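**Q** Okay, so here is my_file_24.txt, and as you'll see once you scroll down, it has compact mmCIF, C-alpha atoms and all ligand atoms.
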```txt
# COMPACT_ATOMS: atom_id res chain seq x y z
CA MET F 1 14.40 10.46 -38.24
CA ALA F 2 14.32 8.43 -34.96
CA TRP F 3 13.92 4.71 -35.42
CA THR F 4 10.60 3.10 -34.46
CA SER F 5 10.31 -0.09 -32.38
CA GLU F 6 9.55 -1.86 -35.64
CA ASP F 7 12.80 -0.59 -37.18
CA TRP F 8 14.74 -1.83 -34.16
CA PHE F 9 12.89 -5.16 -34.09
CA ASN F 10 13.48 -5.81 -37.80
CA LEU F 11 17.21 -5.22 -37.36
CA ALA F 12 17.25 -7.20 -34.10
CA CYS F 13 15.69 -10.18 -35.87
CA GLU F 14 18.61 -10.22 -38.31
CA LEU F 15 21.13 -10.31 -35.49
CA ILE F 16 19.50 -11.98 -32.46
CA PRO F 17 17.38 -15.17 -32.54
CA GLY F 18 13.75 -14.03 -32.49
CA GLY F 19 14.97 -10.45 -32.09
CA VAL F 20 15.20 -10.77 -28.31
CA ASN F 21 17.58 -11.97 -25.64
CA SER F 22 14.91 -13.83 -23.71
CA PRO F 23 11.99 -15.57 -25.43
CA VAL F 24 9.03 -14.14 -23.49
CA ARG F 25 10.00 -10.62 -24.61
CA ALA F 26 9.10 -11.44 -28.24
CA TYR F 27 5.31 -11.31 -27.64
CA ARG F 28 4.93 -14.69 -29.43
CA SER F 29 2.01 -15.78 -27.21
CA VAL F 30 0.15 -12.46 -27.32
CA GLY F 31 0.77 -11.33 -30.90
CA GLY F 32 2.15 -8.08 -32.16
CA MET F 33 5.66 -6.82 -31.80
CA PRO F 34 7.53 -5.71 -28.66
CA PHE F 35 8.15 -2.05 -28.03
CA PHE F 36 11.81 -1.09 -27.63
CA VAL F 37 12.59 0.79 -24.46
CA GLU F 38 14.16 4.24 -24.40
CA GLN F 39 14.06 4.74 -20.64
CA ALA F 40 12.02 4.14 -17.49
CA ALA F 41 11.43 5.90 -14.17
CA GLY F 42 9.27 4.88 -11.24
CA SER F 43 6.20 2.99 -12.45
CA ARG F 44 6.50 4.26 -16.03
CA ILE F 45 8.42 2.96 -19.03
CA ARG F 46 8.82 4.85 -22.32
CA ASP F 47 9.47 3.36 -25.75
CA VAL F 48 11.72 4.71 -28.50
CA GLU F 49 8.71 6.44 -30.08
CA GLY F 50 8.05 8.39 -26.91
CA LYS F 51 4.95 6.42 -25.88
CA GLU F 52 4.69 5.93 -22.10
CA TYR F 53 3.23 2.92 -20.32
CA VAL F 54 2.35 2.02 -16.75
CA ASP F 55 4.70 -0.93 -16.25
CA TYR F 56 3.51 -4.15 -14.59
CA VAL F 57 6.47 -6.23 -15.85
CA GLY F 58 9.08 -4.44 -13.74
CA SER F 59 11.88 -6.40 -15.39
CA TRP F 60 10.07 -9.60 -14.20
CA GLY F 61 10.51 -8.72 -10.55
CA PRO F 62 13.67 -6.75 -9.70
CA MET F 63 12.10 -3.28 -9.90
CA ILE F 64 10.08 -3.40 -6.66
CA LEU F 65 11.18 0.19 -5.90
CA GLY F 66 10.28 1.30 -9.41
CA HIS F 67 12.67 2.06 -12.25
CA ALA F 68 15.75 4.30 -11.88
CA HIS F 69 15.35 4.85 -8.14
CA PRO F 70 17.76 7.74 -7.41
CA ALA F 71 19.49 5.97 -4.51
CA VAL F 72 20.06 2.86 -6.66
CA VAL F 73 21.34 4.84 -9.65
CA THR F 74 23.71 6.80 -7.41
CA ALA F 75 24.99 3.61 -5.77
CA ILE F 76 25.73 2.08 -9.17
CA ALA F 77 27.45 5.26 -10.45
CA GLU F 78 29.61 5.55 -7.35
CA ALA F 79 30.57 1.86 -7.52
CA ALA F 80 31.35 2.13 -11.25
CA ALA F 81 33.67 5.07 -10.62
CA ARG F 82 35.76 2.73 -8.46
CA GLY F 83 35.87 0.01 -11.12
CA THR F 84 33.29 -2.39 -12.52
CA SER F 85 34.71 -5.84 -11.76
CA TYR F 86 37.83 -7.17 -10.08
CA GLY F 87 37.68 -10.95 -9.92
CA ALA F 88 38.70 -10.50 -6.31
CA PRO F 89 36.67 -10.34 -3.08
CA THR F 90 35.10 -7.05 -1.99
CA PRO F 91 33.40 -5.81 1.20
CA GLY F 92 30.13 -5.40 -0.73
CA GLU F 93 29.81 -9.17 -1.20
CA VAL F 94 30.30 -9.70 2.52
CA GLU F 95 27.71 -7.03 3.35
CA MET F 96 25.24 -8.69 0.98
CA ALA F 97 25.96 -12.13 2.47
CA MET F 98 25.48 -10.74 5.98
CA LEU F 99 22.16 -9.13 5.06
CA LEU F 100 20.86 -12.38 3.54
CA VAL F 101 22.01 -14.48 6.51
CA GLU F 102 20.43 -12.02 8.94
CA THR F 103 17.15 -11.95 6.99
CA PHE F 104 16.67 -15.68 6.29
CA PRO F 105 17.00 -17.89 9.42
CA SER F 106 17.45 -20.91 7.11
CA ILE F 107 20.47 -19.33 5.40
CA GLU F 108 23.67 -19.84 7.42
CA LYS F 109 26.01 -19.42 4.42
CA VAL F 110 25.43 -18.09 0.90
CA ARG F 111 27.16 -18.02 -2.49
CA LEU F 112 26.54 -15.14 -4.92
CA VAL F 113 26.25 -15.76 -8.67
CA SER F 114 24.98 -13.82 -11.72
CA SER F 115 21.48 -15.13 -12.44
CA GLY F 116 18.63 -17.13 -10.97
CA THR F 117 19.39 -19.95 -13.41
CA GLU F 118 22.95 -20.11 -12.15
CA ALA F 119 21.77 -20.12 -8.54
CA VAL F 120 19.36 -23.01 -9.13
CA MET F 121 21.78 -24.99 -11.33
CA SER F 122 24.45 -24.70 -8.62
CA ALA F 123 22.05 -25.56 -5.79
CA ILE F 124 20.98 -28.72 -7.63
CA ARG F 125 24.61 -29.78 -8.16
CA LEU F 126 25.35 -29.05 -4.49
CA ALA F 127 22.34 -31.12 -3.38
CA ARG F 128 23.49 -34.03 -5.56
CA GLY F 129 27.06 -33.71 -4.32
CA PHE F 130 26.06 -33.45 -0.66
CA THR F 131 23.59 -36.38 -0.69
CA GLY F 132 25.34 -38.59 -3.23
CA ARG F 133 21.93 -39.06 -4.85
CA GLU F 134 21.14 -38.17 -8.46
CA LYS F 135 17.36 -37.82 -8.84
CA ILE F 136 15.51 -34.57 -8.21
CA LEU F 137 11.82 -33.68 -8.03
CA LYS F 138 10.14 -30.51 -9.30
CA PHE F 139 6.55 -29.41 -9.74
CA GLU F 140 4.76 -29.02 -13.06
CA GLY F 141 4.45 -25.37 -14.02
CA CYS F 142 7.22 -24.20 -11.72
CA TYR F 143 10.06 -22.57 -13.65
CA HIS F 144 13.53 -22.47 -12.19
CA GLY F 145 15.59 -21.04 -15.06
CA HIS F 146 16.95 -22.93 -18.03
CA ALA F 147 19.49 -25.40 -16.58
CA ASP F 148 19.13 -28.77 -18.33
CA SER F 149 17.86 -30.71 -15.32
CA LEU F 150 15.01 -28.25 -14.88
CA LEU F 151 13.89 -28.07 -18.55
CA VAL F 152 11.94 -31.27 -18.13
CA LYS F 153 8.32 -32.18 -18.80
CA ALA F 154 6.31 -34.62 -16.75
CA GLY F 155 6.41 -38.06 -18.28
CA SER F 156 3.16 -39.99 -18.58
CA GLY F 157 1.64 -41.03 -15.28
CA VAL F 158 2.08 -39.37 -11.96
CA ALA F 159 5.51 -40.29 -10.71
CA THR F 160 7.39 -41.42 -13.77
CA PHE F 161 10.66 -40.12 -15.15
CA GLY F 162 10.86 -36.77 -16.90
CA ILE F 163 11.22 -36.23 -20.59
CA PRO F 164 13.22 -33.39 -22.14
CA GLY F 165 11.33 -30.09 -22.09
CA SER F 166 13.56 -28.78 -24.85
CA PRO F 167 15.68 -30.20 -27.64
CA GLY F 168 19.25 -30.40 -26.43
CA VAL F 169 18.39 -31.75 -22.98
CA PRO F 170 19.78 -35.31 -22.84
CA LYS F 171 16.98 -37.81 -22.20
CA GLU F 172 19.23 -39.60 -19.71
CA LEU F 173 19.45 -36.39 -17.68
CA ALA F 174 15.75 -35.59 -18.00
CA ALA F 175 14.98 -39.08 -16.72
CA LEU F 176 16.55 -38.10 -13.40
CA THR F 177 13.95 -35.38 -12.85
CA ILE F 178 10.58 -36.41 -11.47
CA THR F 179 7.73 -33.98 -12.02
CA VAL F 180 4.45 -33.94 -10.08
CA PRO F 181 1.52 -31.49 -10.07
CA PHE F 182 1.83 -28.60 -7.60
CA ASN F 183 -0.55 -28.68 -4.61
CA ASN F 184 -1.17 -32.41 -5.18
CA GLN F 185 -0.27 -34.19 -1.95
CA VAL F 186 -1.31 -37.63 -3.24
CA ALA F 187 0.94 -37.35 -6.30
CA LEU F 188 3.78 -36.04 -4.13
CA GLU F 189 3.49 -38.92 -1.67
CA ALA F 190 3.35 -41.44 -4.55
CA ALA F 191 6.51 -39.94 -6.05
CA LEU F 192 8.31 -39.95 -2.69
CA ALA F 193 7.24 -43.54 -2.04
CA ALA F 194 8.55 -44.58 -5.45
CA HIS F 195 11.76 -42.56 -5.51
CA GLY F 196 12.28 -41.04 -2.06
CA ASP F 197 15.53 -42.77 -1.18
CA GLU F 198 17.06 -41.81 -4.55
CA LEU F 199 16.10 -38.13 -4.43
CA ALA F 200 18.82 -35.57 -3.75
CA CYS F 201 16.33 -32.74 -3.48
CA VAL F 202 12.90 -31.37 -4.14
CA ILE F 203 12.84 -27.86 -5.62
CA VAL F 204 9.74 -25.69 -5.46
CA GLU F 205 8.67 -22.10 -5.96
CA PRO F 206 6.86 -21.77 -2.59
CA VAL F 207 4.40 -19.39 -4.22
CA PRO F 208 4.72 -20.12 -7.95
CA GLY F 209 4.76 -17.15 -10.32
CA ASN F 210 5.61 -19.00 -13.52
CA MET F 211 2.33 -20.68 -14.32
CA GLY F 212 0.82 -17.37 -13.50
CA VAL F 213 0.50 -16.79 -9.74
CA VAL F 214 -0.70 -19.89 -7.88
CA LEU F 215 -1.03 -20.11 -4.10
CA PRO F 216 0.09 -23.13 -2.11
CA LYS F 217 -2.86 -24.92 -0.50
CA PRO F 218 -2.81 -24.72 3.31
CA GLY F 219 -0.50 -27.43 4.63
CA PHE F 220 1.00 -28.39 1.26
CA LEU F 221 4.43 -26.86 1.88
CA GLU F 222 4.43 -27.96 5.52
CA THR F 223 3.77 -31.56 4.38
CA LEU F 224 6.50 -31.22 1.76
CA ARG F 225 8.94 -30.04 4.42
CA GLU F 226 8.13 -32.95 6.76
CA ALA F 227 8.10 -35.59 4.00
CA THR F 228 11.50 -34.50 2.68
CA ARG F 229 13.04 -34.23 6.13
CA GLU F 230 11.91 -37.78 6.97
CA ARG F 231 13.73 -39.11 3.89
CA ALA F 232 16.85 -36.90 4.21
CA ILE F 233 15.88 -35.26 0.90
CA LEU F 234 17.03 -31.65 0.69
CA LEU F 235 14.23 -29.12 0.26
CA ILE F 236 15.14 -26.18 -1.98
CA PHE F 237 12.90 -23.09 -2.00
CA ASP F 238 13.31 -21.19 -5.24
CA GLU F 239 12.53 -17.67 -3.99
CA VAL F 240 14.02 -15.90 -7.02
CA ILE F 241 10.64 -14.15 -7.48
CA SER F 242 9.18 -14.30 -3.96
CA GLY F 243 12.38 -13.25 -2.13
CA PHE F 244 11.89 -9.69 -0.80
CA ARG F 245 8.77 -9.53 -3.00
CA VAL F 246 6.01 -11.09 -0.89
CA ALA F 247 7.53 -9.72 2.33
CA TRP F 248 10.81 -8.49 3.79
CA GLY F 249 12.57 -11.83 3.45
CA GLY F 250 10.59 -14.41 1.53
CA TRP F 251 7.70 -16.80 1.66
CA GLN F 252 9.65 -18.86 4.16
CA THR F 253 9.77 -15.94 6.59
CA VAL F 254 5.97 -15.53 6.24
CA THR F 255 5.21 -19.21 6.77
CA ASP F 256 8.12 -20.09 9.07
CA ILE F 257 9.11 -23.14 6.98
CA ALA F 258 12.88 -23.71 6.91
CA PRO F 259 14.12 -25.16 3.60
CA ASP F 260 17.62 -26.65 3.47
CA LEU F 261 18.65 -24.40 0.58
CA THR F 262 17.16 -21.21 -0.87
CA CYS F 263 17.70 -19.65 -4.31
CA LEU F 264 17.41 -15.89 -4.73
CA GLY F 265 17.80 -13.37 -7.57
CA LYS F 266 16.03 -10.41 -9.19
CA ILE F 267 15.35 -7.92 -6.34
CA ILE F 268 18.68 -8.63 -4.57
CA GLY F 269 20.50 -7.19 -7.60
CA GLY F 270 18.34 -4.07 -7.91
CA GLY F 271 18.09 -4.68 -11.67
CA LEU F 272 21.68 -5.78 -12.25
CA PRO F 273 22.66 -9.39 -13.04
CA VAL F 274 22.55 -11.39 -9.80
CA GLY F 275 21.63 -14.66 -8.18
CA ALA F 276 22.35 -16.31 -4.84
CA PHE F 277 21.92 -19.69 -3.19
CA GLY F 278 22.38 -20.39 0.49
CA GLY F 279 21.29 -22.53 3.38
CA ARG F 280 22.61 -24.91 6.00
CA ALA F 281 26.36 -24.40 6.60
CA ASP F 282 26.99 -28.16 6.65
CA ILE F 283 25.66 -28.30 3.09
CA MET F 284 27.17 -25.03 1.80
CA ASP F 285 30.64 -26.02 3.08
CA HIS F 286 30.64 -28.77 0.45
CA LEU F 287 31.14 -26.02 -2.16
CA ALA F 288 34.60 -25.32 -3.61
CA PRO F 289 37.00 -24.18 -2.36
CA ALA F 290 35.75 -25.28 1.07
CA GLY F 291 34.55 -28.62 -0.27
CA PRO F 292 34.56 -30.81 -3.38
CA VAL F 293 31.46 -29.54 -5.27
CA TYR F 294 32.73 -27.22 -7.97
CA GLN F 295 31.01 -23.93 -8.76
CA ALA F 296 32.55 -20.67 -10.01
CA GLY F 297 31.83 -17.38 -11.81
CA THR F 298 33.82 -14.51 -13.28
CA LEU F 299 31.26 -11.89 -12.25
CA SER F 300 29.97 -13.57 -9.09
CA GLY F 301 29.40 -10.90 -6.42
CA ASN F 302 29.97 -8.17 -9.01
CA PRO F 303 30.55 -4.86 -7.19
CA LEU F 304 27.94 -2.94 -9.21
CA ALA F 305 25.29 -5.63 -8.67
CA MET F 306 26.13 -5.63 -4.96
CA ALA F 307 25.86 -1.83 -4.81
CA ALA F 308 22.50 -1.83 -6.63
CA GLY F 309 21.22 -4.76 -4.57
CA LEU F 310 22.32 -3.38 -1.23
CA ALA F 311 20.85 0.05 -2.03
CA THR F 312 17.55 -1.61 -2.93
CA LEU F 313 17.44 -3.92 0.07
CA ARG F 314 18.39 -1.18 2.54
CA ILE F 315 15.48 0.96 1.31
CA LEU F 316 13.15 -2.04 1.57
CA GLN F 317 14.44 -2.84 5.06
CA GLU F 318 13.91 0.74 6.24
CA ASN F 319 10.36 0.58 4.87
CA ALA F 320 9.52 -3.04 5.67
CA GLU F 321 6.19 -1.94 7.16
CA HIS F 322 5.23 -0.59 3.73
CA TYR F 323 4.88 -4.10 2.32
CA GLU F 324 1.45 -4.05 3.93
CA SER F 325 0.34 -0.98 2.00
CA LEU F 326 1.79 -2.48 -1.20
CA ASP F 327 -0.30 -5.57 -0.47
CA ARG F 328 -3.41 -3.42 0.05
CA LYS F 329 -2.77 -1.39 -3.12
CA THR F 330 -2.49 -4.59 -5.12
CA PHE F 331 -5.57 -6.12 -3.48
CA SER F 332 -7.72 -3.12 -4.37
CA LEU F 333 -6.42 -3.04 -7.97
CA CYS F 334 -7.28 -6.74 -8.35
CA PHE F 335 -10.68 -6.23 -6.75
CA ASP F 336 -11.50 -3.36 -9.11
CA LEU F 337 -10.26 -5.28 -12.16
CA LYS F 338 -12.40 -8.28 -11.19
CA THR F 339 -15.41 -6.00 -10.84
CA LEU F 340 -14.89 -4.71 -14.40
CA PHE F 341 -14.71 -8.25 -15.81
CA ASP F 342 -17.75 -9.34 -13.78
CA GLU F 343 -19.74 -6.35 -15.06
CA LYS F 344 -19.03 -7.52 -18.63
CA GLY F 345 -19.74 -11.16 -17.81
CA ILE F 346 -16.21 -12.19 -18.78
CA PRO F 347 -15.08 -15.03 -16.51
CA VAL F 348 -11.68 -14.47 -14.93
CA THR F 349 -9.89 -15.79 -11.86
CA ILE F 350 -7.38 -13.42 -10.29
CA ASN F 351 -4.71 -15.02 -8.09
CA ARG F 352 -2.65 -12.68 -5.94
CA SER F 353 0.20 -12.97 -3.48
CA GLY F 354 1.30 -9.63 -2.08
CA SER F 355 2.21 -7.41 -5.04
CA LEU F 356 2.19 -10.32 -7.50
CA PHE F 357 -0.99 -11.13 -9.41
CA THR F 358 -2.28 -12.90 -12.53
CA VAL F 359 -5.61 -12.50 -14.34
CA PHE F 360 -6.48 -15.99 -15.60
CA PHE F 361 -9.18 -16.07 -18.30
CA THR F 362 -11.10 -18.94 -16.77
CA ALA F 363 -14.12 -19.18 -14.51
CA ASN F 364 -12.48 -21.95 -12.47
CA PRO F 365 -10.04 -21.75 -9.58
CA VAL F 366 -6.38 -22.11 -10.61
CA THR F 367 -4.37 -24.17 -8.14
CA ASP F 368 -1.98 -26.00 -10.47
CA PHE F 369 -0.56 -25.88 -14.00
CA ALA F 370 -3.20 -28.15 -15.57
CA MET F 371 -5.89 -25.73 -14.34
CA ALA F 372 -3.89 -22.68 -15.47
CA ALA F 373 -3.45 -24.28 -18.89
CA LYS F 374 -7.23 -24.39 -19.29
CA SER F 375 -7.30 -20.59 -19.39
CA ASP F 376 -8.38 -18.88 -22.60
CA THR F 377 -4.96 -17.68 -23.73
CA GLU F 378 -6.52 -16.01 -26.78
CA ALA F 379 -8.67 -13.90 -24.48
CA TYR F 380 -5.60 -13.04 -22.42
CA ALA F 381 -3.77 -11.99 -25.60
CA ARG F 382 -6.73 -9.82 -26.62
CA TRP F 383 -6.81 -8.15 -23.21
CA PHE F 384 -3.02 -7.69 -23.30
CA ARG F 385 -3.18 -5.93 -26.70
CA GLY F 386 -6.10 -3.70 -25.68
CA MET F 387 -4.27 -2.64 -22.54
CA LEU F 388 -1.00 -2.07 -24.40
CA GLU F 389 -2.73 0.19 -26.93
CA ARG F 390 -4.06 2.19 -23.99
CA GLY F 391 -0.68 2.62 -22.30
CA ILE F 392 -0.57 -0.33 -19.89
CA SER F 393 2.33 -2.79 -20.22
CA LEU F 394 1.37 -6.23 -18.87
CA PRO F 395 3.39 -9.46 -18.96
CA PRO F 396 3.17 -10.79 -22.57
CA SER F 397 2.00 -14.25 -21.47
CA GLN F 398 -0.92 -15.73 -19.55
CA PHE F 399 1.57 -17.79 -17.54
CA GLU F 400 3.47 -14.94 -15.92
CA ALA F 401 2.90 -12.58 -13.01
CA CYS F 402 2.12 -8.87 -12.89
CA PHE F 403 4.43 -6.97 -10.55
CA VAL F 404 3.24 -3.90 -8.62
CA SER F 405 6.02 -1.68 -7.24
CA PHE F 406 6.25 0.80 -4.39
CA ALA F 407 6.35 3.46 -7.14
CA HIS F 408 2.89 2.69 -8.53
CA THR F 409 0.45 5.49 -7.68
CA ASP F 410 -3.31 5.83 -7.48
CA GLU F 411 -3.10 7.65 -10.81
CA ASP F 412 -1.42 4.57 -12.32
CA PHE F 413 -4.21 2.38 -11.00
CA GLU F 414 -6.87 4.78 -12.33
CA ARG F 415 -5.21 4.67 -15.77
CA THR F 416 -5.12 0.89 -15.56
CA LEU F 417 -8.81 0.61 -14.71
CA THR F 418 -9.80 3.11 -17.40
CA ALA F 419 -7.76 1.18 -19.98
CA CYS F 420 -9.42 -2.04 -18.85
CA ARG F 421 -12.90 -0.50 -18.97
CA GLU F 422 -12.27 0.75 -22.53
CA THR F 423 -10.74 -2.56 -23.63
CA LEU F 424 -13.73 -4.50 -22.35
CA ALA F 425 -16.17 -2.01 -23.88
CA ALA F 426 -14.70 -2.97 -27.25
CA TRP F 427 -14.70 -6.72 -26.39
P1 LIG G 1 17.10 -15.90 -14.34
O1 LIG G 1 18.14 -16.87 -14.84
O2 LIG G 1 16.15 -15.48 -15.44
O3 LIG G 1 17.73 -14.69 -13.61
O4 LIG G 1 16.24 -16.62 -13.23
C1 LIG G 1 15.62 -17.84 -13.54
C2 LIG G 1 14.44 -18.02 -12.60
C3 LIG G 1 14.58 -18.87 -11.52
N1 LIG G 1 13.55 -19.07 -10.65
C4 LIG G 1 12.37 -18.42 -10.81
C5 LIG G 1 11.27 -18.66 -9.81
C6 LIG G 1 12.19 -17.53 -11.89
O5 LIG G 1 11.00 -16.90 -12.05
C7 LIG G 1 13.23 -17.33 -12.81
C8 LIG G 1 13.10 -16.42 -14.02
N2 LIG G 1 11.83 -15.79 -14.17
C9 LIG G 1 11.47 -15.40 -15.54
C10 LIG G 1 10.07 -14.80 -15.50
N3 LIG G 1 9.09 -15.75 -15.24
C11 LIG G 1 12.47 -14.46 -16.12
C12 LIG G 1 12.00 -13.75 -17.38
C13 LIG G 1 12.66 -14.31 -18.60
O6 LIG G 1 12.87 -15.54 -18.67
O7 LIG G 1 12.95 -13.49 -19.53
```
Just dump the structure as structure tokens.
**A**
Amino acid sequence: MAWTSEDWFNLACELIPGGVNSPVRAYRSVGGMPFFVEQAAGSRIRDVEGKEYVDYVGSWGPMILGHAHPAVVTAIAEAAARGTSYGAPTPGEVEMAMLLVETFPSIEKVRLVSSGTEAVMSAIRLARGFTGREKILKFEGCYHGHADSLLVKAGSGVATFGIPGSPGVPKELAALTITVPFNNQVALEAALAAHGDELACVIVEPVPGNMGVVLPKPGFLETLREATRERAILLIFDEVISGFRVAWGGWQTVTDIAPDLTCLGKIIGGGLPVGAFGGRADIMDHLAPAGPVYQAGTLSGNPLAMAAGLATLRILQENAEHYESLDRKTFSLCFDLKTLFDEKGIPVTINRSGSLFTVFFTANPVTDFAMAAKSDTEAYARWFRGMLERGISLPPSQFEACFVSFAHTDEDFERTLTACRETLAAW
């Protein structure tokens, strides 16, 4: 008899901490047990018991074309037939680098790695090596992967030193990371006044997806750009989620703000392990072997990840005008969801940026992490479980983003709204 998700999860828990290879997948904040995936295609994902779901996780961002896109699968198969990894340069890496440089005016040179965490960790080291400064600044609620310097909580007060966000992060290292609330210009200016000449960089998700989706207030990023430039602090845009998601290119191509370094991931690998960081050539040329800042990786620029990423990006590039219809599709889904909650008198705030959105269970606007944290996470968990039972797979956390793909159809949206209507009827 075929194993159920529960069978797989019970065995997984004996072999893998928490039964998963990334914490959010364990459903700890929404209750219940994760389904184990058999396969996925387009907007649908099917578990080992044959149950099918409309998928709004999309592997946390990479699957903007939908799962198992034929052109991507073919590209991977053809690349694999020629070998899976060489530890030597390949034309695919150069083609990927060229596409990124052509797409992002702020990227003059780029280094490919194997995850978003690795891209951010390396960009931080490069910023420290290039400026000779050690402190960095991040924003509360922004997530940049799990490198030690970024797993830091805000200390008490507005512009004080960070404290470890996880056991294992040395307090001396955490103390070098300043954290301020996102969208808070006063707190930012206080932090820059107090630490500006010691800061190597400021890193920000230009449109955060990791506190749930939060939009930058008009002028906030522009002020950040000017304030960092004035103090020769490097500005790093972490566009691991927003890159090729909110537009062809990233948030920076929509708002015309030029960061000094950009981190990318997810979509540029088409679902295979990938990350990239790039920016000004005078900074990037400090990286080994051109310069003294060391950074390396066995699978960096892996030929299969390049093949999957290039196949994905070329389809996106040929259909760049379709981002608008994806934006409209997502807008109307969010509008219809909000209507259902309003009809039931359940207060929610829905933040959306392009095909990214989050339903916050709060009546108030959500413009930073403190406001997001006031959401009713129990209500989110209840909604999540009701939708899952009815064949809709949402992110298993209030503080994540839903991802709509080019593969999502009107039928998917109808199913989603019906599932929501039925879930709220039983509220
Ligand atoms: P990875 O190391 O997971 O490839 O990328 C880290 C990262 C960096 N920057 C941003 C803006 C990110 O969102 C991420 C990772 N995103 C999470 C989802 N919020 C990945 C999902 C997970 O951790 O399992």
**Q** Collect all residues with atoms no farther than 8 Å from ligand LIG 1 (chain G), counting all atoms listed in the file, and output them as a short mmCIF file (atom, residue, chain, number, x, y, z; two decimals) with C-alpha atoms, in the frame of the given file.
**A**
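Wrote part.cif, looks like this:
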```cif
data_model
loop_
_atom_site.label_atom_id
_atom_site.label_comp_id
_atom_site.auth_asym_id
_atom_site.auth_seq_id
_atom_site.Cartn_x
_atom_site.Cartn_y
_atom_site.Cartn_z
CA ASN F 21 17.58 -11.97 -25.64
CA SER F 22 14.91 -13.83 -23.71
CA PRO F 23 11.99 -15.57 -25.43
CA VAL F 24 9.03 -14.14 -23.49
CA ARG F 25 10.00 -10.62 -24.61
CA SER F 59 11.88 -6.40 -15.39
CA TRP F 60 10.07 -9.60 -14.20
CA GLY F 61 10.51 -8.72 -10.55
CA SER F 114 24.98 -13.82 -11.72
CA SER F 115 21.48 -15.13 -12.44
CA GLY F 116 18.63 -17.13 -10.97
CA THR F 117 19.39 -19.95 -13.41
CA GLU F 118 22.95 -20.11 -12.15
CA ALA F 119 21.77 -20.12 -8.54
CA VAL F 120 19.36 -23.01 -9.13
CA CYS F 142 7.22 -24.20 -11.72
CA TYR F 143 10.06 -22.57 -13.65
CA HIS F 144 13.53 -22.47 -12.19
CA GLY F 145 15.59 -21.04 -15.06
CA HIS F 146 16.95 -22.93 -18.03
CA GLU F 205 8.67 -22.10 -5.96
CA PRO F 208 4.72 -20.12 -7.95
CA GLY F 209 4.76 -17.15 -10.32
CA ASN F 210 5.61 -19.00 -13.52
CA ASP F 238 13.31 -21.19 -5.24
CA GLU F 239 12.53 -17.67 -3.99
CA VAL F 240 14.02 -15.90 -7.02
CA ILE F 241 10.64 -14.15 -7.48
CA SER F 242 9.18 -14.30 -3.96
CA CYS F 263 17.70 -19.65 -4.31
CA LEU F 264 17.41 -15.89 -4.73
CA GLY F 265 17.80 -13.37 -7.57
CA LYS F 266 16.03 -10.41 -9.19
CA PRO F 273 22.66 -9.39 -13.04
CA VAL F 274 22.55 -11.39 -9.80
CA GLY F 275 21.63 -14.66 -8.18
CA GLU F 400 3.47 -14.94 -15.92
CA ALA F 401 2.90 -12.58 -13.01
#
```
**Q** Give one line per residue of segment 225-297 of chain F that approaches segment 85-105 of chain F to at most 9 Å, naming the two atoms of the closest pair and their distance in Å to one decimal, counting only C-alpha atoms; sort by chain then ascending residue number and deliver it as a Markdown table.
**A**
```
| residue | atom | partner | partner_atom | distance |
| --- | --- | --- | --- | --- |
| F:Trp248 | CA | F:Thr103 | CA | 7.9 |
| F:Gly249 | CA | F:Thr103 | CA | 5.8 |
| F:Gly250 | CA | F:Phe104 | CA | 7.8 |
| F:Gln252 | CA | F:Phe104 | CA | 8.0 |
| F:Thr253 | CA | F:Phe104 | CA | 6.9 |
| F:Ala258 | CA | F:Pro105 | CA | 7.6 |
| F:Ile268 | CA | F:Met96 | CA | 8.6 |
| F:Gly278 | CA | F:Val101 | CA | 8.4 |
| F:Gly279 | CA | F:Val101 | CA | 8.7 |
| F:Gly297 | CA | F:Gly87 | CA | 8.9 |
```
**Q** Export, as a PDB file, in the coordinates of the input, the selected residues with C-alpha atoms.
**A**
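Output (out-v9.pdb):
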```pdb
ATOM      1  CA  TRP F 248      10.810  -8.490   3.790  1.00  0.00           C
ATOM      2  CA  GLY F 249      12.570 -11.830   3.450  1.00  0.00           C
ATOM      3  CA  GLY F 250      10.590 -14.410   1.530  1.00  0.00           C
ATOM      4  CA  GLN F 252       9.650 -18.860   4.160  1.00  0.00           C
ATOM      5  CA  THR F 253       9.770 -15.940   6.590  1.00  0.00           C
ATOM      6  CA  ALA F 258      12.880 -23.710   6.910  1.00  0.00           C
ATOM      7  CA  ILE F 268      18.680  -8.630  -4.570  1.00  0.00           C
ATOM      8  CA  GLY F 278      22.380 -20.390   0.490  1.00  0.00           C
ATOM      9  CA  GLY F 279      21.290 -22.530   3.380  1.00  0.00           C
ATOM     10  CA  GLY F 297      31.830 -17.380 -11.810  1.00  0.00           C
TER      11      GLY F 297
END
```
**Q** Write out as a ChimeraX atom specification which residues come within 9 Å of segment 231-233 of chain F when counting only C-alpha atoms, dropping same-chain ones fewer than 3 positions away.
**A** /F:127,131,192,196-202,226-228
**Q** Using C-alpha atoms, can you write the selected residues to a file as a short mmCIF file (atom, residue, chain, number, x, y, z; two decimals), keeping the file's coordinate frame?
**A**
```
data_model
loop_
_atom_site.label_atom_id
_atom_site.label_comp_id
_atom_site.auth_asym_id
_atom_site.auth_seq_id
_atom_site.Cartn_x
_atom_site.Cartn_y
_atom_site.Cartn_z
CA ALA F 127 22.34 -31.12 -3.38
CA THR F 131 23.59 -36.38 -0.69
CA LEU F 192 8.31 -39.95 -2.69
CA GLY F 196 12.28 -41.04 -2.06
CA ASP F 197 15.53 -42.77 -1.18
CA GLU F 198 17.06 -41.81 -4.55
CA LEU F 199 16.10 -38.13 -4.43
CA ALA F 200 18.82 -35.57 -3.75
CA CYS F 201 16.33 -32.74 -3.48
CA VAL F 202 12.90 -31.37 -4.14
CA GLU F 226 8.13 -32.95 6.76
CA ALA F 227 8.10 -35.59 4.00
CA THR F 228 11.50 -34.50 2.68
#
```
